[in-house]
$ cat target08.cif   # mmCIF, C-alpha atoms and all ligand atoms
data_data
loop_
_atom_site.group_PDB
_atom_site.id
_atom_site.type_symbol
_atom_site.label_atom_id
_atom_site.label_comp_id
_atom_site.auth_asym_id
_atom_site.auth_seq_id
_atom_site.Cartn_x
_atom_site.Cartn_y
_atom_site.Cartn_z
ATOM 1 C CA MET A 1 -10.933 82.213 -6.125
ATOM 2 C CA SER A 2 -12.652 79.115 -5.238
ATOM 3 C CA THR A 3 -11.170 76.659 -3.026
ATOM 4 C CA GLN A 4 -11.420 73.364 -4.463
ATOM 5 C CA ILE A 5 -12.047 70.740 -2.001
ATOM 6 C CA GLN A 6 -10.240 67.826 -3.053
ATOM 7 C CA ASN A 7 -11.979 64.822 -2.062
ATOM 8 C CA VAL A 8 -9.097 62.725 -1.351
ATOM 9 C CA SER A 9 -10.541 59.482 -0.551
ATOM 10 C CA SER A 10 -7.424 57.820 0.397
ATOM 11 C CA HIS A 11 -9.000 54.721 1.552
ATOM 12 C CA HIS A 12 -6.077 52.505 1.966
ATOM 13 C CA GLY A 13 -7.374 49.107 2.370
ATOM 14 C CA SER A 14 -5.045 47.813 4.959
ATOM 15 C CA SER A 15 -5.616 44.278 4.113
ATOM 16 C CA SER A 16 -3.022 42.244 5.824
ATOM 17 C CA SER A 17 -2.843 39.313 3.597
ATOM 18 C CA SER A 18 -3.567 36.434 5.831
ATOM 19 C CA LEU A 19 -2.376 33.641 3.671
ATOM 20 C CA SER A 20 -2.691 30.462 5.529
ATOM 21 C CA GLN A 21 0.777 29.230 5.089
ATOM 22 C CA HIS A 22 1.414 25.798 6.375
ATOM 23 C CA PRO A 23 4.450 25.887 8.550
ATOM 24 C CA PRO A 24 6.994 23.268 7.643
ATOM 25 C CA SER A 25 6.591 20.389 10.002
ATOM 26 C CA ASN A 26 9.679 19.859 12.041
ATOM 27 C CA HIS A 27 8.889 16.419 13.327
ATOM 28 C CA GLN A 28 9.635 13.917 10.646
ATOM 29 C CA PRO A 29 6.745 11.656 9.902
ATOM 30 C CA LEU A 30 7.340 7.960 9.504
ATOM 31 C CA SER A 31 8.182 6.823 6.039
ATOM 32 C CA ARG A 32 5.574 4.875 4.169
ATOM 33 C CA TYR A 33 7.501 1.702 4.761
ATOM 34 C CA GLU A 34 7.871 2.322 8.481
ATOM 35 C CA SER A 35 4.236 3.180 9.066
ATOM 36 C CA GLN A 36 3.130 0.223 6.990
ATOM 37 C CA LYS A 37 5.429 -2.010 8.997
ATOM 38 C CA ARG A 38 3.985 -0.722 12.243
ATOM 39 C CA ARG A 39 0.454 -1.314 10.977
ATOM 40 C CA ASP A 40 1.301 -4.827 9.827
ATOM 41 C CA TRP A 41 2.887 -5.610 13.154
ATOM 42 C CA ASN A 42 -0.204 -4.417 15.023
ATOM 43 C CA THR A 43 -2.450 -6.424 12.732
ATOM 44 C CA PHE A 44 -0.425 -9.532 13.338
ATOM 45 C CA GLY A 45 -0.391 -8.958 17.103
ATOM 46 C CA GLN A 46 -4.137 -8.517 17.035
ATOM 47 C CA TYR A 47 -4.504 -11.690 15.026
ATOM 48 C CA LEU A 48 -2.527 -13.671 17.609
ATOM 49 C CA LYS A 49 -4.624 -12.214 20.420
ATOM 50 C CA ASN A 50 -7.827 -13.194 18.655
ATOM 51 C CA GLN A 51 -6.854 -16.837 18.473
ATOM 52 C CA SER A 52 -8.487 -19.154 20.926
ATOM 53 C CA PRO A 53 -6.551 -19.553 23.062
ATOM 54 C CA PRO A 54 -4.554 -16.390 22.368
ATOM 55 C CA VAL A 55 -1.028 -16.969 21.160
ATOM 56 C CA ALA A 56 1.840 -15.183 22.863
ATOM 57 C CA LEU A 57 4.389 -13.715 20.554
ATOM 58 C CA SER A 58 7.086 -15.851 22.156
ATOM 59 C CA GLN A 59 5.113 -18.972 21.234
ATOM 60 C CA CYS A 60 4.463 -17.863 17.715
ATOM 61 C CA ASN A 61 5.874 -20.152 15.058
ATOM 62 C CA PHE A 62 5.723 -20.411 11.296
ATOM 63 C CA ASN A 63 2.389 -22.217 11.429
ATOM 64 C CA HIS A 64 0.774 -19.154 12.932
ATOM 65 C CA VAL A 65 2.333 -17.062 10.215
ATOM 66 C CA LEU A 66 1.000 -19.363 7.495
ATOM 67 C CA ASP A 67 -2.454 -19.278 9.060
ATOM 68 C CA PHE A 68 -2.218 -15.516 9.185
ATOM 69 C CA LEU A 69 -1.381 -15.334 5.485
ATOM 70 C CA ARG A 70 -4.344 -17.569 4.614
ATOM 71 C CA TYR A 71 -6.553 -15.512 6.875
ATOM 72 C CA LEU A 72 -5.578 -12.377 4.969
ATOM 73 C CA ASP A 73 -6.764 -13.870 1.696
ATOM 74 C CA GLN A 74 -10.352 -12.933 2.500
ATOM 75 C CA PHE A 75 -9.319 -9.291 2.215
ATOM 76 C CA GLY A 76 -7.493 -9.839 -1.055
ATOM 77 C CA LYS A 77 -8.258 -8.039 -4.283
ATOM 78 C CA THR A 78 -6.494 -10.254 -6.763
ATOM 79 C CA LYS A 79 -8.580 -12.623 -8.796
ATOM 80 C CA VAL A 80 -7.009 -16.052 -8.838
ATOM 81 C CA HIS A 81 -8.778 -18.441 -11.174
ATOM 82 C CA LEU A 82 -9.462 -21.962 -10.043
ATOM 83 C CA HIS A 83 -8.503 -24.860 -12.240
ATOM 84 C CA GLY A 84 -12.082 -25.407 -13.324
ATOM 85 C CA CYS A 85 -12.585 -21.829 -14.459
ATOM 86 C CA ILE A 86 -12.763 -21.218 -18.214
ATOM 87 C CA PHE A 87 -10.586 -18.133 -17.742
ATOM 88 C CA PHE A 88 -7.835 -20.057 -16.015
ATOM 89 C CA GLY A 89 -4.539 -18.753 -17.328
ATOM 90 C CA GLN A 90 -6.024 -15.701 -19.001
ATOM 91 C CA PRO A 91 -4.471 -12.459 -17.930
ATOM 92 C CA THR A 92 -7.471 -10.403 -18.992
ATOM 93 C CA PRO A 93 -10.714 -12.384 -18.763
ATOM 94 C CA PRO A 94 -13.532 -10.959 -20.901
ATOM 95 C CA ALA A 95 -16.198 -11.565 -18.251
ATOM 96 C CA PRO A 96 -16.464 -11.857 -14.490
ATOM 97 C CA CYS A 97 -16.313 -15.233 -12.815
ATOM 98 C CA ALA A 98 -16.893 -16.655 -9.381
ATOM 99 C CA CYS A 99 -13.267 -17.363 -8.596
ATOM 100 C CA PRO A 100 -12.029 -16.132 -5.236
ATOM 101 C CA LEU A 101 -10.075 -12.980 -4.592
ATOM 102 C CA ARG A 102 -6.763 -13.487 -2.902
ATOM 103 C CA GLN A 103 -3.833 -11.521 -1.647
ATOM 104 C CA ALA A 104 -1.414 -11.026 -4.493
ATOM 105 C CA TRP A 105 1.848 -12.860 -4.090
ATOM 106 C CA GLY A 106 3.816 -9.634 -4.232
ATOM 107 C CA SER A 107 1.818 -8.160 -1.353
ATOM 108 C CA LEU A 108 2.394 -11.204 0.823
ATOM 109 C CA ASP A 109 6.069 -11.247 -0.004
ATOM 110 C CA ALA A 110 6.447 -7.607 0.975
ATOM 111 C CA LEU A 111 4.336 -8.134 4.085
ATOM 112 C CA ILE A 112 6.530 -11.003 5.270
ATOM 113 C CA GLY A 113 9.597 -8.865 4.731
ATOM 114 C CA ARG A 114 8.177 -6.089 6.899
ATOM 115 C CA LEU A 115 6.991 -8.428 9.645
ATOM 116 C CA ARG A 116 10.299 -10.225 9.659
ATOM 117 C CA ALA A 117 12.082 -6.941 10.287
ATOM 118 C CA ALA A 118 9.511 -5.855 12.875
ATOM 119 C CA TYR A 119 9.887 -9.116 14.786
ATOM 120 C CA GLU A 120 13.583 -8.526 15.277
ATOM 121 C CA GLU A 121 13.057 -4.868 16.092
ATOM 122 C CA HIS A 122 10.776 -6.014 18.872
ATOM 123 C CA GLY A 123 13.456 -8.153 20.424
ATOM 124 C CA GLY A 124 12.925 -11.405 18.599
ATOM 125 C CA SER A 125 16.062 -13.291 17.648
ATOM 126 C CA PRO A 126 16.818 -13.943 13.992
ATOM 127 C CA GLU A 127 17.279 -17.661 14.723
ATOM 128 C CA THR A 128 13.704 -18.093 15.874
ATOM 129 C CA ASN A 129 12.133 -15.559 13.531
ATOM 130 C CA PRO A 130 8.912 -17.261 12.429
ATOM 131 C CA PHE A 131 8.794 -15.058 9.339
ATOM 132 C CA GLY A 132 12.188 -16.154 8.155
ATOM 133 C CA GLY A 133 11.630 -19.897 8.136
ATOM 134 C CA GLY A 134 11.918 -22.129 5.126
ATOM 135 C CA ALA A 135 8.240 -23.051 5.337
ATOM 136 C CA ILE A 136 7.276 -19.446 4.660
ATOM 137 C CA ARG A 137 9.550 -19.284 1.626
ATOM 138 C CA VAL A 138 8.056 -22.494 0.276
ATOM 139 C CA TYR A 139 4.543 -21.205 0.823
ATOM 140 C CA LEU A 140 5.271 -17.924 -0.911
ATOM 141 C CA ARG A 141 6.846 -19.711 -3.849
ATOM 142 C CA GLU A 142 3.776 -21.904 -4.187
ATOM 143 C CA VAL A 143 1.486 -18.902 -4.108
ATOM 144 C CA LYS A 144 3.619 -17.167 -6.693
ATOM 145 C CA GLU A 145 3.581 -20.116 -9.075
ATOM 146 C CA CYS A 146 -0.098 -20.773 -8.566
ATOM 147 C CA GLN A 147 -0.996 -17.153 -9.256
ATOM 148 C CA ALA A 148 1.321 -16.956 -12.233
ATOM 149 C CA LYS A 149 -0.439 -19.933 -13.802
ATOM 150 C CA ALA A 150 -3.944 -18.943 -12.843
ATOM 151 C CA ARG A 151 -3.675 -15.426 -14.155
ATOM 152 C CA GLY A 152 -1.283 -16.065 -16.984
ATOM 153 C CA ILE A 153 0.993 -13.288 -15.820
ATOM 154 C CA PRO A 154 4.695 -13.890 -16.045
ATOM 155 C CA TYR A 155 6.323 -12.782 -12.827
ATOM 156 C CA LYS A 156 9.733 -12.235 -14.352
ATOM 157 C CA LYS A 157 8.943 -8.701 -15.258
ATOM 158 C CA LYS A 158 6.364 -6.453 -13.764
ATOM 159 C CA LYS A 159 4.647 -4.301 -16.314
ATOM 160 C CA LYS A 160 5.191 -0.726 -15.424
ATOM 161 C CA LYS A 161 2.138 1.331 -16.096
ATOM 162 C CA ARG A 162 3.728 4.697 -16.044
ATOM 163 C CA ASN A 163 2.640 5.820 -19.471
ATOM 164 C CA THR A 164 -0.178 7.890 -18.098
ATOM 165 C CA ILE A 165 1.063 11.175 -19.460
ATOM 166 C CA ILE A 166 -1.773 13.402 -20.541
ATOM 167 C CA LYS A 167 -1.265 14.482 -24.111
ATOM 168 C CA GLY A 168 -2.833 17.911 -23.739
ATOM 169 C CA THR A 169 0.387 19.875 -23.696
ATOM 170 C CA GLN A 170 -1.404 22.993 -24.829
ATOM 171 C CA SER A 171 -3.743 23.129 -21.897
ATOM 172 C CA ALA A 172 -0.814 22.531 -19.615
ATOM 173 C CA LYS A 173 0.894 25.544 -21.146
ATOM 174 C CA ASP A 174 -2.197 27.648 -20.633
ATOM 175 C CA ILE A 175 -2.275 26.781 -16.972
ATOM 176 C CA GLU A 176 1.368 27.684 -16.684
ATOM 177 C CA GLN A 177 0.741 31.081 -18.266
ATOM 178 C CA GLN A 178 -2.178 31.767 -16.018
ATOM 179 C CA ALA A 179 -0.144 30.902 -13.008
ATOM 180 C CA SER A 180 2.732 33.260 -13.828
HETATM 181 ZN ZN ZN A 201 -12.184 -17.516 -12.764
#

$ encode --input "target08.cif" --output "structure tokens"
Amino acid sequence: MSTQIQNVSSHHGSSSSSLSQHPPSNHQPLSRYESQKRRDWNTFGQYLKNQSPPVALSQCNFNHVLDFLRYLDQFGKTKVHLHGCIFFGQPTPPAPCACPLRQAWGSLDALIGRLRAAYEEHGGSPETNPFGGGAIRVYLREVKECQAKARGIPYKKKKKKRNTIIKGTQSAKDIEQQAS
């Protein structure tokens, strides 16, 4: 009789799976609109402070707002052809040109909407809201028409570019199978 020594190598790997699970955040972050509004409001406040002499918010009128909108154009990314440009009116010019980049009308329109709301949230009265004046509406309409002509884009309907569905349904299926 031979005693068999059973080499029981019960090496239980006690690996406590330390999956780094992100705990659900309880504090609700600001919505995109709200955080954008806050940023816009700070930018505008900074702009007023940088004027010489600095402009107090209580003294701010529509002229400051118009200047602010023109000031923002230098950071714009929308090509707006000048009247002398050979691509004037072409929605998709075949070559680059020296025409300036501007803030797109839609961006300015949305910006004014946010600042108008922010002004009143910060205690400004709707009657004196410099963002709600007729001069701003006229300016925005002019920008809209000018950009519509210069770029040849009708503003009635915005083209929705949502047809970016990748056609590789097979590879998508493969990934799904691997995942399950
Ligand atoms: Zn041009």

$ residues_near_ligand --input "target08.cif" --ligand "ligand ZN 201 (chain A)" --cutoff "8 Å" --atoms "only C-alpha atoms and all ligand atoms" --output "list of chain:residue names"
A:Lys79, A:Val80, A:His81, A:Leu82, A:Gly84, A:Cys85, A:Ile86, A:Phe87, A:Phe88, A:Pro96, A:Cys97, A:Ala98, A:Cys99, A:Pro100

$ resolve_selection --input "target08.cif" --expression "the PyMOL selection byres (((chain A and resi 58) around 12) and not hetatm)" --output "number ranges by chain"
A: 45, 48, 54-57, 59-62, 64, 119-120, 122-125, 128-130

$ residues_near_point --input "target08.cif" --point "(-3.7, -7.7, 3.3)" --cutoff "10 Å" --atoms "all atoms listed in the file" --output "list in words"
Asp40, Thr43, Phe68, Leu69, Arg70, Tyr71, Leu72, Asp73, Gln74, Phe75, Gly76, Lys77, Arg102, Gln103, Ala104, Ser107, Leu108 and Leu111 of chain A

$ write_last_selection --input "target08.cif" --atoms "C-alpha atoms" --output "PDB file, in the frame of the given file"
ATOM      1  CA  ASP A  40       1.301  -4.827   9.827  1.00  0.00           C
ATOM      2  CA  THR A  43      -2.450  -6.424  12.732  1.00  0.00           C
ATOM      3  CA  PHE A  68      -2.218 -15.516   9.185  1.00  0.00           C
ATOM      4  CA  LEU A  69      -1.381 -15.334   5.485  1.00  0.00           C
ATOM      5  CA  ARG A  70      -4.344 -17.569   4.614  1.00  0.00           C
ATOM      6  CA  TYR A  71      -6.553 -15.512   6.875  1.00  0.00           C
ATOM      7  CA  LEU A  72      -5.578 -12.377   4.969  1.00  0.00           C
ATOM      8  CA  ASP A  73      -6.764 -13.870   1.696  1.00  0.00           C
ATOM      9  CA  GLN A  74     -10.352 -12.933   2.500  1.00  0.00           C
ATOM     10  CA  PHE A  75      -9.319  -9.291   2.215  1.00  0.00           C
ATOM     11  CA  GLY A  76      -7.493  -9.839  -1.055  1.00  0.00           C
ATOM     12  CA  LYS A  77      -8.258  -8.039  -4.283  1.00  0.00           C
ATOM     13  CA  ARG A 102      -6.763 -13.487  -2.902  1.00  0.00           C
ATOM     14  CA  GLN A 103      -3.833 -11.521  -1.647  1.00  0.00           C
ATOM     15  CA  ALA A 104      -1.414 -11.026  -4.493  1.00  0.00           C
ATOM     16  CA  SER A 107       1.818  -8.160  -1.353  1.00  0.00           C
ATOM     17  CA  LEU A 108       2.394 -11.204   0.823  1.00  0.00           C
ATOM     18  CA  LEU A 111       4.336  -8.134   4.085  1.00  0.00           C
TER      19      LEU A 111
END

$ closest_residue --input "target08.cif" --among "A:Arg114, A:Glu121, A:Lys49, A:Gly89" --to "A:Ala148" --atoms "only C-alpha atoms"
A:Gly89

$ atom_distance --input "target08.cif" --atom1 "atom CA of A:Ala95" --atom2 "atom CA of A:His83"
16.5 Å

$ residues_near_point --input "target08.cif" --point "(4.0, -5.1, 10.7)" --cutoff "6 Å" --atoms "only C-alpha atoms" --output "ChimeraX atom specification"
/A:37-41,114-115,118

$ atom_distance --input "target08.cif" --atom1 "atom CA of A:Ser52" --atom2 "atom CA of A:Glu127"
26.5 Å

$ closest_residue --input "target08.cif" --among "A:Lys144, A:Pro29, A:Phe44, A:Ser35" --to "A:Val65" --atoms "only C-alpha atoms"
A:Phe44

$ atom_distance --input "target08.cif" --atom1 "atom CA of A:Gly133" --atom2 "atom CA of A:Ser31"
27.0 Å

$ axis_aligned_box --input "target08.cif" --around "stretch 47-60 of chain A" --padding-each-side "5 Å" --output "JSON"
{"center_x": -0.7, "center_y": -15.6, "center_z": 19.0, "size_x": 25.6, "size_y": 17.9, "size_z": 18.0}
